Amino acid sequence: QVQLVESGGGSVQAGGSLRLSCAASGYTYSTYCMGWFRQAPGKQREGVAAVGSDGILRYADSVKGRFTISQDNTKTTVYLQMNSLKPEDTAMYYCVADQLRLCPFSLRYLTDFGYWGQGTQVTVSS
């Protein structure tokens, strides 16, 4: 059973930075995808970024150039570095993962993944 434990998040002013971490355990297969999606009150879920076991990175257009997803050397922890934050980035951020699949071209499918973290709140004030 894959478990995901998130950390990071918090409150920051517009233009600031935050880093989210997601530590994974229980992986059985070497093929996987890990990523982040977010959901703001009253809005649809939005896939933010993802990284696969093939090393390919994917980003939503809304965060390209501002957010960076990466993995540690053991590939068990995924980071989401968020720079130049905007008030519209305010949301609950969820780490997700799945095995036996690489990352989908469309990040909207991240919400179909089988493993979720508990979520961490990011609040950006203007």
# chains A, B, ... in the order shown; residues from 1 in each chain; ligands from 1

$ closest_atom_pairs --of "range 17-77 of chain A" --to "range 10-13 of chain A" --cutoff "10 Å" --atoms "only C-alpha atoms" --output "tab-separated table"
residue	atom	partner	partner_atom	distance
A:Ser17	CA	A:Val12	CA	7.2
A:Leu18	CA	A:Val12	CA	7.7
A:Arg19	CA	A:Gly10	CA	9.4
A:Leu20	CA	A:Gly10	CA	9.5

$ residues_around --residues "range 47-52 of chain A" --least-positions-apart "5" --cutoff "9 Å" --atoms "only C-alpha atoms" --output "PDB file with C-alpha atoms, in the first residue's frame"
ATOM      1  CA  THR A  31       6.982   2.541 -13.047  1.00  0.00           C
ATOM      2  CA  TYR A  32       5.067   5.366 -11.429  1.00  0.00           C
ATOM      3  CA  CYS A  33       3.851   8.915 -11.635  1.00  0.00           C
ATOM      4  CA  MET A  34       3.719  11.397  -8.773  1.00  0.00           C
ATOM      5  CA  GLY A  35       2.258  14.834  -8.894  1.00  0.00           C
ATOM      6  CA  TRP A  36       0.194  17.587  -7.349  1.00  0.00           C
ATOM      7  CA  PHE A  37      -3.239  18.907  -7.965  1.00  0.00           C
ATOM      8  CA  ARG A  38      -5.045  21.710  -6.181  1.00  0.00           C
ATOM      9  CA  GLN A  39      -8.564  22.711  -5.362  1.00  0.00           C
ATOM     10  CA  LEU A  57       8.035  16.659 -16.083  1.00  0.00           C
ATOM     11  CA  ARG A  58       4.636  18.120 -16.819  1.00  0.00           C
ATOM     12  CA  TYR A  59       3.193  21.455 -15.745  1.00  0.00           C
ATOM     13  CA  ALA A  60      -0.110  23.243 -15.994  1.00  0.00           C
ATOM     14  CA  ASP A  61       0.088  26.359 -18.146  1.00  0.00           C
ATOM     15  CA  SER A  62      -0.958  28.440 -15.147  1.00  0.00           C
ATOM     16  CA  VAL A  63       2.217  27.561 -13.227  1.00  0.00           C
ATOM     17  CA  PHE A  67       6.618  26.184 -10.150  1.00  0.00           C
ATOM     18  CA  THR A  68       9.207  23.414 -10.311  1.00  0.00           C
ATOM     19  CA  ILE A  69       8.608  19.768  -9.511  1.00  0.00           C
ATOM     20  CA  SER A  70      11.540  17.555  -8.605  1.00  0.00           C
ATOM     21  CA  GLN A  71      12.473  14.302  -6.918  1.00  0.00           C
ATOM     22  CA  VAL A  78       8.723  14.784  -4.567  1.00  0.00           C
ATOM     23  CA  LEU A  80       6.992  21.360  -5.529  1.00  0.00           C
ATOM     24  CA  TYR A  93      -2.748  21.130  -2.598  1.00  0.00           C
ATOM     25  CA  VAL A  96      -1.042  12.025  -5.699  1.00  0.00           C
ATOM     26  CA  ARG A 101       1.681   4.085 -15.279  1.00  0.00           C
ATOM     27  CA  LEU A 102       3.648   7.094 -16.445  1.00  0.00           C
ATOM     28  CA  CYS A 103       2.315  10.604 -16.139  1.00  0.00           C
ATOM     29  CA  PRO A 104      -0.609  11.453 -18.407  1.00  0.00           C
ATOM     30  CA  SER A 106      -3.228  15.955 -19.481  1.00  0.00           C
ATOM     31  CA  LEU A 107      -2.768  16.708 -15.806  1.00  0.00           C
ATOM     32  CA  ARG A 108      -6.530  16.620 -15.225  1.00  0.00           C
ATOM     33  CA  TYR A 109      -6.187  12.855 -14.939  1.00  0.00           C
ATOM     34  CA  LEU A 110      -4.087  13.231 -11.795  1.00  0.00           C
ATOM     35  CA  THR A 111      -7.319  13.232  -9.822  1.00  0.00           C
TER      36      THR A 111
END

$ atom_distance --atom1 "CA of Gln121 in chain A" --atom2 "CA of Gln44 in chain A"
15.8 Å

$ atom_distance --atom1 "CA of Tyr27 in chain A" --atom2 "CA of Gly9 in chain A"
24.6 Å

$ residues_around --residues "Cys22 in chain A" --least-positions-apart "6" --cutoff "9 Å" --atoms "only C-alpha atoms" --output "ChimeraX atom specification"
/A:4-8,76-80,95-96,117

$ write_last_selection --atoms "N, CA, C and O atoms" --output "compact mmCIF listing (two decimals), in the first residue's frame"
# COMPACT_ATOMS: atom_id res chain seq x y z
N LEU A 4 1.40 8.45 1.21
CA LEU A 4 1.96 9.75 0.86
C LEU A 4 1.80 10.68 2.05
O LEU A 4 0.69 10.84 2.57
N VAL A 5 2.90 11.29 2.45
CA VAL A 5 2.87 12.22 3.58
C VAL A 5 3.38 13.56 3.09
O VAL A 5 4.53 13.68 2.64
N GLU A 6 2.53 14.58 3.18
CA GLU A 6 2.87 15.90 2.68
C GLU A 6 3.35 16.79 3.82
O GLU A 6 2.96 16.62 4.98
N SER A 7 4.15 17.75 3.45
CA SER A 7 4.56 18.80 4.37
C SER A 7 4.81 20.07 3.57
O SER A 7 4.93 20.03 2.35
N GLY A 8 4.93 21.17 4.28
CA GLY A 8 5.09 22.45 3.64
C GLY A 8 3.75 23.16 3.56
O GLY A 8 2.81 22.79 4.23
N THR A 76 11.87 8.89 -3.72
CA THR A 76 10.76 8.62 -2.81
C THR A 76 10.11 9.88 -2.30
O THR A 76 9.06 9.83 -1.65
N THR A 77 10.73 11.01 -2.55
CA THR A 77 10.17 12.30 -2.13
C THR A 77 10.08 13.22 -3.34
O THR A 77 11.04 13.35 -4.09
N VAL A 78 8.94 13.83 -3.49
CA VAL A 78 8.72 14.78 -4.57
C VAL A 78 8.52 16.16 -3.96
O VAL A 78 7.85 16.30 -2.93
N TYR A 79 9.11 17.15 -4.59
CA TYR A 79 9.03 18.53 -4.11
C TYR A 79 8.29 19.37 -5.15
O TYR A 79 8.41 19.15 -6.35
N LEU A 80 7.59 20.36 -4.66
CA LEU A 80 6.99 21.36 -5.53
C LEU A 80 7.45 22.73 -5.03
O LEU A 80 6.98 23.20 -4.00
N CYS A 95 -0.93 15.85 -2.92
CA CYS A 95 0.04 14.99 -3.60
C CYS A 95 -0.68 13.71 -4.00
O CYS A 95 -1.47 13.16 -3.22
N VAL A 96 -0.43 13.26 -5.22
CA VAL A 96 -1.04 12.03 -5.70
C VAL A 96 0.02 11.15 -6.35
O VAL A 96 1.06 11.65 -6.80
N GLY A 117 -2.31 12.17 -0.82
CA GLY A 117 -1.89 12.66 0.48
C GLY A 117 -3.06 13.33 1.18
O GLY A 117 -4.17 13.41 0.64

$ select_by_dssp --residues "chain A" --states "strand (DSSP E)" --output "PyMOL selection string"
chain A and resi 3-8+10-13+18-25+32-39+46-52+57-59+67-71+77-82+91-99+115-116+120-125

$ atom_distance --atom1 "CA of Ile56 in chain A" --atom2 "CA of Ser25 in chain A"
20.8 Å
